[in-house]
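Chemist: The following file, upload-v3.tsv, comprises TSV, N, CA and C atoms:
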chain	number	residue	atom	x	y	z
A	241	ALA	N	99.51	118.67	84.37
A	241	ALA	CA	100.73	119.07	83.70
A	241	ALA	C	101.91	118.23	84.20
A	242	ARG	N	101.94	117.95	85.52
A	242	ARG	CA	103.04	117.14	86.07
A	242	ARG	C	103.02	115.72	85.50
A	243	LEU	N	101.83	115.16	85.33
A	243	LEU	CA	101.74	113.81	84.78
A	243	LEU	C	102.25	113.76	83.35
A	244	PHE	N	101.82	114.69	82.52
A	244	PHE	CA	102.25	114.70	81.12
A	244	PHE	C	103.74	115.01	80.98
A	245	ALA	N	104.31	115.64	81.96
A	245	ALA	CA	105.75	115.93	81.92
A	245	ALA	C	106.58	114.67	82.18
A	246	ASP	N	105.95	113.61	82.66
A	246	ASP	CA	106.64	112.37	83.00
A	246	ASP	C	106.54	111.39	81.82
A	247	PRO	N	107.64	111.14	81.11
A	247	PRO	CA	107.60	110.23	79.95
A	247	PRO	C	107.10	108.82	80.30
A	248	ALA	N	107.44	108.32	81.48
A	248	ALA	CA	106.99	106.98	81.87
A	248	ALA	C	105.46	106.96	82.02
A	249	TRP	N	104.89	108.01	82.59
A	249	TRP	CA	103.44	108.08	82.74
A	249	TRP	C	102.78	108.15	81.36
A	250	ARG	N	103.35	108.97	80.47
A	250	ARG	CA	102.78	109.08	79.12
A	250	ARG	C	102.83	107.74	78.40
A	251	GLU	N	103.93	107.01	78.55
A	251	GLU	CA	104.06	105.70	77.90
A	251	GLU	C	103.01	104.73	78.43
A	252	GLU	N	102.86	104.66	79.75
A	252	GLU	CA	101.87	103.75	80.33
A	252	GLU	C	100.45	104.15	79.90
A	253	THR	N	100.15	105.43	79.97
A	253	THR	CA	98.81	105.90	79.60
A	253	THR	C	98.52	105.65	78.13
A	254	SER	N	99.50	105.87	77.28
A	254	SER	CA	99.28	105.64	75.85
A	254	SER	C	99.04	104.15	75.58
A	255	ARG	N	99.72	103.29	76.33
A	255	ARG	CA	99.53	101.84	76.17
A	255	ARG	C	98.08	101.46	76.51
A	256	TRP	N	97.59	101.97	77.67
A	256	TRP	CA	96.21	101.70	78.07
A	256	TRP	C	95.24	102.27	77.06
A	257	PHE	N	95.51	103.49	76.63
A	257	PHE	CA	94.64	104.15	75.66
A	257	PHE	C	94.57	103.33	74.37
A	258	GLY	N	95.72	102.89	73.88
A	258	GLY	CA	95.78	102.10	72.65
A	258	GLY	C	95.06	100.77	72.75
A	259	GLN	N	94.94	100.24	73.96
A	259	GLN	CA	94.23	98.97	74.16
A	259	GLN	C	92.72	99.18	74.30
A	260	GLY	N	92.29	100.45	74.23
A	260	GLY	CA	90.87	100.75	74.32
A	260	GLY	C	90.33	100.85	75.73
A	261	ALA	N	91.22	100.92	76.72
A	261	ALA	CA	90.77	100.98	78.12
A	261	ALA	C	90.11	102.31	78.44
A	262	LEU	N	90.45	103.37	77.73
A	262	LEU	CA	89.92	104.69	78.05
A	262	LEU	C	88.92	105.20	77.02
A	263	THR	N	88.74	104.48	75.95
A	263	THR	CA	87.75	104.82	74.93
A	263	THR	C	87.42	103.57	74.14
A	264	PRO	N	86.15	103.34	73.83
A	264	PRO	CA	85.79	102.12	73.11
A	264	PRO	C	86.03	102.19	71.59
A	265	ALA	N	86.14	103.39	71.05
A	265	ALA	CA	86.25	103.53	69.60
A	265	ALA	C	87.69	103.30	69.15
A	266	TRP	N	87.92	102.33	68.23
A	266	TRP	CA	89.27	101.99	67.81
A	266	TRP	C	90.02	103.18	67.21
A	267	PRO	N	89.45	103.96	66.28
A	267	PRO	CA	90.25	105.05	65.71
A	267	PRO	C	90.68	106.07	66.76
A	268	VAL	N	89.78	106.35	67.70
A	268	VAL	CA	90.11	107.31	68.76
A	268	VAL	C	91.22	106.74	69.63
A	269	ALA	N	91.16	105.46	69.95
A	269	ALA	CA	92.19	104.82	70.77
A	269	ALA	C	93.55	104.87	70.07
A	270	ALA	N	93.58	104.59	68.78
A	270	ALA	CA	94.84	104.59	68.04
A	270	ALA	C	95.44	105.99	67.95
A	271	ILE	N	94.61	106.97	67.66
A	271	ILE	CA	95.10	108.36	67.58
A	271	ILE	C	95.55	108.83	68.95
A	272	GLY	N	94.75	108.52	69.97
A	272	GLY	CA	95.10	108.91	71.34
A	272	GLY	C	96.42	108.33	71.79
A	273	LYS	N	96.66	107.07	71.44
A	273	LYS	CA	97.91	106.41	71.82
A	273	LYS	C	99.11	107.17	71.24
A	274	VAL	N	99.03	107.53	69.98
A	274	VAL	CA	100.12	108.27	69.34
A	274	VAL	C	100.27	109.66	69.96
A	275	MET	N	99.17	110.35	70.16
A	275	MET	CA	99.22	111.72	70.70
A	275	MET	C	99.83	111.73	72.10
A	276	ILE	N	99.38	110.81	72.94
A	276	ILE	CA	99.85	110.79	74.33
A	276	ILE	C	101.31	110.39	74.41
A	277	SER	N	101.72	109.40	73.64
A	277	SER	CA	103.09	108.91	73.75
A	277	SER	C	104.11	109.85	73.12
A	278	ARG	N	103.72	110.59	72.10
A	278	ARG	CA	104.71	111.39	71.36
A	278	ARG	C	104.69	112.88	71.66
A	279	PHE	N	103.62	113.38	72.25
A	279	PHE	CA	103.51	114.82	72.46
A	279	PHE	C	103.26	115.12	73.93
A	280	ASN	N	103.92	116.16	74.40
A	280	ASN	CA	103.69	116.61	75.76
A	280	ASN	C	102.48	117.56	75.73
A	281	LEU	N	101.34	117.01	76.09
A	281	LEU	CA	100.09	117.76	76.06
A	281	LEU	C	99.79	118.42	77.40
A	282	ALA	N	100.83	118.68	78.18
A	282	ALA	CA	100.66	119.18	79.54
A	282	ALA	C	99.87	120.48	79.59
A	283	LYS	N	100.24	121.47	78.80
A	283	LYS	CA	99.57	122.77	78.89
A	283	LYS	C	98.10	122.68	78.50
A	284	SER	N	97.82	122.03	77.38
A	284	SER	CA	96.43	121.97	76.93
A	284	SER	C	95.58	121.12	77.88
A	285	THR	N	96.15	120.03	78.39
A	285	THR	CA	95.42	119.19	79.33
A	285	THR	C	95.17	119.94	80.63
A	286	ALA	N	96.18	120.64	81.13
A	286	ALA	CA	96.02	121.40	82.37
A	286	ALA	C	94.97	122.49	82.22
A	287	LYS	N	94.95	123.16	81.07
A	287	LYS	CA	93.93	124.19	80.84
A	287	LYS	C	92.53	123.58	80.83
A	288	GLY	N	92.39	122.46	80.14
A	288	GLY	CA	91.09	121.79	80.09
A	288	GLY	C	90.65	121.30	81.46
A	289	ASP	N	91.58	120.71	82.21
A	289	ASP	CA	91.25	120.25	83.56
A	289	ASP	C	90.85	121.42	84.46
A	290	ALA	N	91.59	122.52	84.36
A	290	ALA	CA	91.28	123.70	85.18
A	290	ALA	C	89.89	124.23	84.84
A	291	ARG	N	89.55	124.25	83.54
A	291	ARG	CA	88.24	124.72	83.11
A	291	ARG	C	87.14	123.83	83.70
A	292	LEU	N	87.35	122.52	83.67
A	292	LEU	CA	86.36	121.60	84.23
A	292	LEU	C	86.21	121.78	85.73
A	293	ILE	N	87.31	121.91	86.43
A	293	ILE	CA	87.26	122.09	87.88
A	293	ILE	C	86.52	123.39	88.23
A	294	LYS	N	86.85	124.47	87.52
A	294	LYS	CA	86.21	125.76	87.81
A	294	LYS	C	84.73	125.77	87.47
A	295	SER	N	84.31	124.92	86.54
A	295	SER	CA	82.91	124.90	86.14
A	295	SER	C	82.04	124.02	87.04
A	296	ALA	N	82.67	123.26	87.90
A	296	ALA	CA	81.91	122.31	88.73
A	296	ALA	C	81.13	123.05	89.81
A	297	PRO	N	79.84	122.76	89.91
A	297	PRO	CA	79.06	123.38	90.99
A	297	PRO	C	79.48	122.86	92.36
A	298	ILE	N	79.92	121.60	92.41
A	298	ILE	CA	80.37	121.02	93.68
A	298	ILE	C	81.67	120.27	93.44
A	299	LEU	N	82.66	120.57	94.25
A	299	LEU	CA	83.89	119.79	94.29
A	299	LEU	C	83.92	119.09	95.63
A	300	GLY	N	84.23	117.82	95.61
A	300	GLY	CA	84.28	117.06	96.85
A	300	GLY	C	85.55	116.25	96.94
A	301	MET	N	85.80	115.76	98.13
A	301	MET	CA	86.98	114.92	98.34
A	301	MET	C	86.59	113.82	99.32
A	302	LEU	N	86.58	112.60	98.84
A	302	LEU	CA	86.39	111.47	99.73
A	302	LEU	C	87.69	111.30	100.50
A	303	SER	N	87.60	111.28	101.81
A	303	SER	CA	88.80	111.25	102.65
A	303	SER	C	88.64	110.22	103.75
A	304	LEU	N	89.77	109.80	104.30
A	304	LEU	CA	89.80	108.79	105.36
A	304	LEU	C	90.40	109.37	106.64
A	305	ARG	N	89.82	108.99	107.76
A	305	ARG	CA	90.43	109.32	109.04
A	305	ARG	C	91.38	108.21	109.46
A	306	GLU	N	91.01	107.00	109.08
A	306	GLU	CA	91.83	105.83	109.41
A	306	GLU	C	92.64	105.45	108.18
A	307	ARG	N	93.69	104.69	108.39
A	307	ARG	CA	94.49	104.20	107.28
A	307	ARG	C	94.43	102.68	107.25
A	308	GLY	N	94.72	102.12	106.10
A	308	GLY	CA	94.76	100.67	105.99
A	308	GLY	C	93.76	100.17	104.96
A	309	ILE	N	93.93	98.92	104.59
A	309	ILE	CA	93.13	98.33	103.52
A	309	ILE	C	91.65	98.29	103.86
A	310	GLU	N	91.29	97.99	105.10
A	310	GLU	CA	89.88	97.92	105.47
A	310	GLU	C	89.22	99.29	105.35
A	311	ALA	N	89.92	100.33	105.77
A	311	ALA	CA	89.38	101.69	105.64
A	311	ALA	C	89.23	102.08	104.17
A	312	GLU	N	90.17	101.66	103.35
A	312	GLU	CA	90.09	101.98	101.92
A	312	GLU	C	88.95	101.23	101.25
A	313	ILE	N	88.70	100.00	101.66
A	313	ILE	CA	87.57	99.24	101.12
A	313	ILE	C	86.26	99.91	101.52
A	314	ARG	N	86.14	100.33	102.78
A	314	ARG	CA	84.93	101.04	103.21
A	314	ARG	C	84.76	102.33	102.42
A	315	ALA	N	85.86	103.04	102.19
A	315	ALA	CA	85.78	104.28	101.41
A	315	ALA	C	85.33	104.00	99.99
A	316	GLY	N	85.78	102.90	99.40
A	316	GLY	CA	85.34	102.51	98.07
A	316	GLY	C	83.85	102.25	98.02
A	317	ARG	N	83.33	101.65	99.08
A	317	ARG	CA	81.89	101.39	99.16
A	317	ARG	C	81.12	102.70	99.29
A	318	VAL	N	81.64	103.62	100.07
A	318	VAL	CA	81.01	104.94	100.20
A	318	VAL	C	81.01	105.65	98.84
A	319	LEU	N	82.14	105.60	98.15
A	319	LEU	CA	82.24	106.21	96.83
A	319	LEU	C	81.20	105.62	95.88
A	320	GLU	N	81.06	104.31	95.90
A	320	GLU	CA	80.09	103.64	95.05
A	320	GLU	C	78.67	104.10	95.38
A	321	ARG	N	78.33	104.17	96.66
A	321	ARG	CA	76.99	104.61	97.07
A	321	ARG	C	76.74	106.05	96.67
A	322	LEU	N	77.74	106.90	96.84
A	322	LEU	CA	77.62	108.31	96.46
A	322	LEU	C	77.37	108.42	94.96
A	323	TRP	N	78.13	107.69	94.18
A	323	TRP	CA	78.00	107.72	92.72
A	323	TRP	C	76.61	107.24	92.29
A	324	LEU	N	76.15	106.13	92.88
A	324	LEU	CA	74.82	105.60	92.54
A	324	LEU	C	73.71	106.56	92.96
A	325	LYS	N	73.84	107.17	94.13
A	325	LYS	CA	72.83	108.14	94.59
A	325	LYS	C	72.79	109.34	93.66
A	326	ALA	N	73.97	109.83	93.28
A	326	ALA	CA	74.04	110.96	92.35
A	326	ALA	C	73.33	110.60	91.05
A	327	ALA	N	73.61	109.43	90.51
A	327	ALA	CA	72.98	109.00	89.25
A	327	ALA	C	71.47	108.90	89.40
A	328	SER	N	71.01	108.40	90.54
A	328	SER	CA	69.56	108.27	90.75
A	328	SER	C	68.87	109.63	90.82
A	329	LEU	N	69.62	110.68	91.15
A	329	LEU	CA	69.09	112.04	91.22
A	329	LEU	C	69.33	112.83	89.94
A	330	GLY	N	69.89	112.16	88.92
A	330	GLY	CA	70.16	112.84	87.66
A	330	GLY	C	71.41	113.69	87.68
A	331	LEU	N	72.27	113.46	88.66
A	331	LEU	CA	73.52	114.20	88.77
A	331	LEU	C	74.66	113.44	88.10
A	332	ALA	N	75.61	114.19	87.61
A	332	ALA	CA	76.83	113.58	87.05
A	332	ALA	C	77.90	113.58	88.14
A	333	PHE	N	78.58	112.47	88.26
A	333	PHE	CA	79.66	112.31	89.23
A	333	PHE	C	80.92	112.01	88.42
A	334	GLN	N	81.94	112.82	88.59
A	334	GLN	CA	83.17	112.60	87.84
A	334	GLN	C	84.37	112.58	88.77
A	335	PRO	N	85.05	111.43	88.90
A	335	PRO	CA	86.29	111.40	89.66
A	335	PRO	C	87.33	112.31	88.99
A	336	VAL	N	88.13	112.96	89.80
A	336	VAL	CA	89.20	113.84	89.31
A	336	VAL	C	90.48	113.32	89.96
A	337	SER	N	90.95	112.19	89.48
A	337	SER	CA	92.03	111.46	90.14
A	337	SER	C	93.42	112.01	89.89
A	338	GLN	N	93.58	112.83	88.85
A	338	GLN	CA	94.91	113.26	88.45
A	338	GLN	C	95.71	113.87	89.61
A	339	MET	N	95.04	114.67	90.43
A	339	MET	CA	95.78	115.36	91.50
A	339	MET	C	96.32	114.41	92.57
A	340	MET	N	95.83	113.18	92.58
A	340	MET	CA	96.29	112.23	93.59
A	340	MET	C	97.39	111.32	93.06
A	341	GLN	N	97.84	111.55	91.83
A	341	GLN	CA	98.80	110.63	91.22
A	341	GLN	C	100.25	111.05	91.35
A	342	THR	N	100.53	112.20	91.94
A	342	THR	CA	101.92	112.57	92.17
A	342	THR	C	102.09	112.89	93.66
A	343	PRO	N	103.24	112.60	94.22
A	343	PRO	CA	103.45	112.87	95.66
A	343	PRO	C	103.26	114.35	96.00
A	344	GLU	N	103.70	115.25	95.12
A	344	GLU	CA	103.60	116.68	95.41
A	344	GLU	C	102.14	117.12	95.51
A	345	THR	N	101.33	116.72	94.53
A	345	THR	CA	99.94	117.17	94.55
A	345	THR	C	99.13	116.45	95.62
A	346	ARG	N	99.48	115.20	95.93
A	346	ARG	CA	98.82	114.50	97.04
A	346	ARG	C	99.10	115.22	98.36
A	347	ALA	N	100.34	115.66	98.53
A	347	ALA	CA	100.71	116.38	99.76
A	347	ALA	C	99.96	117.71	99.85
A	348	ARG	N	99.82	118.39	98.72
A	348	ARG	CA	99.07	119.66	98.72
A	348	ARG	C	97.61	119.42	99.07
A	349	ALA	N	97.03	118.34	98.55
A	349	ALA	CA	95.64	118.00	98.87
A	349	ALA	C	95.51	117.69	100.36
A	350	ALA	N	96.47	116.96	100.91
A	350	ALA	CA	96.45	116.65	102.35
A	350	ALA	C	96.54	117.91	103.18
A	351	GLY	N	97.29	118.90	102.68
A	351	GLY	CA	97.43	120.17	103.39
A	351	GLY	C	96.11	120.92	103.54
A	352	LEU	N	95.14	120.63	102.67
A	352	LEU	CA	93.83	121.27	102.77
A	352	LEU	C	93.11	120.87	104.05
A	353	PHE	N	93.47	119.71	104.60
A	353	PHE	CA	92.81	119.20	105.79
A	353	PHE	C	93.56	119.52	107.09
A	354	ALA	N	94.78	120.02	106.97
A	354	ALA	CA	95.59	120.29	108.16
A	354	ALA	C	94.86	121.28	109.07
A	355	PRO	N	94.90	121.10	110.35
A	355	PRO	CA	95.64	120.10	111.13
A	355	PRO	C	94.84	118.83	111.38
A	356	LEU	N	93.70	118.64	110.72
A	356	LEU	CA	92.92	117.42	110.92
A	356	LEU	C	93.66	116.20	110.37
A	357	PRO	N	93.44	115.04	110.94
A	357	PRO	CA	94.17	113.84	110.52
A	357	PRO	C	93.55	113.12	109.32
A	358	TRP	N	92.87	113.84	108.43
A	358	TRP	CA	92.21	113.21	107.29
A	358	TRP	C	93.20	112.97	106.16
A	359	GLN	N	93.04	111.84	105.49
A	359	GLN	CA	93.86	111.48	104.34
A	359	GLN	C	92.97	111.59	103.09
A	360	PRO	N	93.28	112.52	102.19
A	360	PRO	CA	92.47	112.64	100.98
A	360	PRO	C	92.64	111.39	100.11
A	361	LEU	N	91.55	110.95	99.53
A	361	LEU	CA	91.59	109.71	98.76
A	361	LEU	C	91.12	109.92	97.31
A	362	GLN	N	89.92	110.49	97.15
A	362	GLN	CA	89.37	110.62	95.80
A	362	GLN	C	88.64	111.95	95.63
A	363	PRO	N	89.23	112.88	94.88
A	363	PRO	CA	88.51	114.11	94.57
A	363	PRO	C	87.47	113.83	93.47
A	364	PHE	N	86.41	114.64	93.46
A	364	PHE	CA	85.38	114.46	92.44
A	364	PHE	C	84.62	115.76	92.18
A	365	ARG	N	83.99	115.79	90.99
A	365	ARG	CA	83.08	116.88	90.63
A	365	ARG	C	81.67	116.31	90.66
A	366	LEU	N	80.72	117.16	91.02
A	366	LEU	CA	79.33	116.72	91.10
A	366	LEU	C	78.43	117.84	90.61
A	367	GLY	N	77.48	117.52	89.76
A	367	GLY	CA	76.55	118.52	89.29
A	367	GLY	C	75.65	117.97	88.21
A	368	TYR	N	74.75	118.81	87.72
A	368	TYR	CA	73.87	118.39	86.64
A	368	TYR	C	74.63	118.47	85.33
A	369	PRO	N	74.55	117.43	84.51
A	369	PRO	CA	75.29	117.46	83.23
A	369	PRO	C	74.67	118.46	82.27
A	370	ALA	N	75.53	119.02	81.42
A	370	ALA	CA	75.05	119.99	80.42
A	370	ALA	C	74.28	119.27	79.34
Turn the structure described in the file into structure tokens.
Modeler:
Amino acid sequence: ARLFADPAWREETSRWFGQGALTPAWPVAAIGKVMISRFNLAKSTAKGDARLIKSAPILGMLSLRERGIEAEIRAGRVLERLWLKAASLGLAFQPVSQMMQTPETRARAAGLFAPLPWQPLQPFRLGYPA
């Protein structure tokens, strides 16, 4: 909801959507671009996201104890291995990046680890696909 409330975010997302970065089908990309740029879909998107989160059998958070580019590269490799292992087991792995895109929600995610020095990096859902 916070992301959709930000006109700059909606403009950038609609631009990417219109270029086909988020869907390969041209009609869907064109319609999506208009919908995202012109309408505040915050409530419906938040409801859908909440439903997906609540339906996930496993919610996870890839986190770092160290900070810096090398730690982030290692974390990316771990994420890749986790995703590939999940796929090899017939599991669906879905990043849930939205909560990490605003300072407020990033801080709330970091609060889940307090007082540990972990930095949340990538939340995800994991489970068998329907």
Chemist: Using all atoms listed in the file, which of A:Ala349, A:Leu302, A:Ala241, A:Leu331 sits nearest A:Val318?
Modeler: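 Selected residue with least distance to A:Val318: A:Leu302.
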Chemist: List the neighbours of A:Lys283 out to 12 Å using only C-alpha atoms; skip same-chain residues closer than 6 positions along the sequence, and give me the result as a PyMOL selection string.
Modeler: chain A and resi 241-245+289-290
Chemist: Restricting the calculation to only C-alpha atoms, which member of A:Ile276, A:Leu319, A:Ala347, A:Leu324 is positioned closest to A:Trp249?
Modeler: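 Ranking A:Ile276, A:Leu319, A:Ala347, A:Leu324 by distance to A:Trp249, first place goes to A:Ile276.
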Chemist: Just how far from atom CA of A:Tyr368 is atom CA of A:Pro297, in Å to one decimal?
Modeler: 8.4 Å
Chemist: Just list the residues in chain A DSSP gives strand (DSSP E or B) on the backbone, as JSON, numbers by chain.
Modeler: {"A": [298, 299, 300, 301, 302, 303, 304, 332, 333, 334, 335, 359, 360, 361, 362, 363, 364, 365, 366, 367]}
Chemist: Kindly indicate which residue among A:Arg305, A:Arg250, A:Lys287, A:Arg314 lies nearest to A:Leu356, using all atoms listed in the file for the distances.
Modeler: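 Going through A:Arg305, A:Arg250, A:Lys287, A:Arg314 one by one, the smallest distance to A:Leu356 is for A:Arg305.
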Chemist: Determine the nearest neighbour of A:Phe364 from the options A:Met301, A:Ala350, A:Ile309, A:Ser254, counting only N, CA and C atoms.
Modeler: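 Result for the nearest residue to A:Phe364: A:Met301.
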Chemist: Take atom CA of A:Gly330 and atom N of A:Leu361 and report the distance between them in Å, one decimal.
Modeler: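 Separating atom CA of A:Gly330 from atom N of A:Leu361 is a distance of 24.5 Å.
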Chemist: Just give me the gap between atom CA of A:Lys294 and atom C of A:Thr253 in Å, one decimal is fine.
Modeler: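 For atom CA of A:Lys294 relative to atom C of A:Thr253, the distance reads 25.5 Å.
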Chemist: So that I can see what lies close to A:Gly367, please list as a PDB file with N, CA and C atoms, in the coordinates of the input the residues with an atom at most 8 Å from it, counting only N, CA and C atoms and leaving out residues fewer than 4 positions away in the same chain.
Modeler:
ATOM      1  N   ALA A 296      82.670 123.260  87.900  1.00  0.00           N
ATOM      2  CA  ALA A 296      81.910 122.310  88.730  1.00  0.00           C
ATOM      3  C   ALA A 296      81.130 123.050  89.810  1.00  0.00           C
ATOM      4  N   PRO A 297      79.840 122.760  89.910  1.00  0.00           N
ATOM      5  CA  PRO A 297      79.060 123.380  90.990  1.00  0.00           C
ATOM      6  C   PRO A 297      79.480 122.860  92.360  1.00  0.00           C
ATOM      7  N   ILE A 298      79.920 121.600  92.410  1.00  0.00           N
ATOM      8  CA  ILE A 298      80.370 121.020  93.680  1.00  0.00           C
ATOM      9  C   ILE A 298      81.670 120.270  93.440  1.00  0.00           C
ATOM     10  N   LEU A 299      82.660 120.570  94.250  1.00  0.00           N
ATOM     11  CA  LEU A 299      83.890 119.790  94.290  1.00  0.00           C
ATOM     12  C   LEU A 299      83.920 119.090  95.630  1.00  0.00           C
ATOM     13  N   ALA A 326      73.970 109.830  93.280  1.00  0.00           N
ATOM     14  CA  ALA A 326      74.040 110.960  92.350  1.00  0.00           C
ATOM     15  C   ALA A 326      73.330 110.600  91.050  1.00  0.00           C
ATOM     16  N   GLY A 330      69.890 112.160  88.920  1.00  0.00           N
ATOM     17  CA  GLY A 330      70.160 112.840  87.660  1.00  0.00           C
ATOM     18  C   GLY A 330      71.410 113.690  87.680  1.00  0.00           C
ATOM     19  N   LEU A 331      72.270 113.460  88.660  1.00  0.00           N
ATOM     20  CA  LEU A 331      73.520 114.200  88.770  1.00  0.00           C
ATOM     21  C   LEU A 331      74.660 113.440  88.100  1.00  0.00           C
ATOM     22  N   ALA A 332      75.610 114.190  87.610  1.00  0.00           N
ATOM     23  CA  ALA A 332      76.830 113.580  87.050  1.00  0.00           C
ATOM     24  C   ALA A 332      77.900 113.580  88.140  1.00  0.00           C
ATOM     25  N   PHE A 333      78.580 112.470  88.260  1.00  0.00           N
ATOM     26  CA  PHE A 333      79.660 112.310  89.230  1.00  0.00           C
ATOM     27  C   PHE A 333      80.920 112.010  88.420  1.00  0.00           C
ATOM     28  N   GLN A 334      81.940 112.820  88.590  1.00  0.00           N
ATOM     29  CA  GLN A 334      83.170 112.600  87.840  1.00  0.00           C
ATOM     30  C   GLN A 334      84.370 112.580  88.770  1.00  0.00           C
TER      31      GLN A 334
END
Chemist: Nearest to A:Met340 among A:Gly308, A:Pro247, A:Pro360, A:Pro369, with distances taken over all atoms listed in the file: which residue is it?
Modeler: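 Result for the nearest residue to A:Met340: A:Pro360.
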Chemist: Of the candidates A:Leu366, A:Thr342, A:Ala270, A:Glu310, which one gets nearest to A:Lys325 if we count only C-alpha atoms?
Modeler: A:Leu366
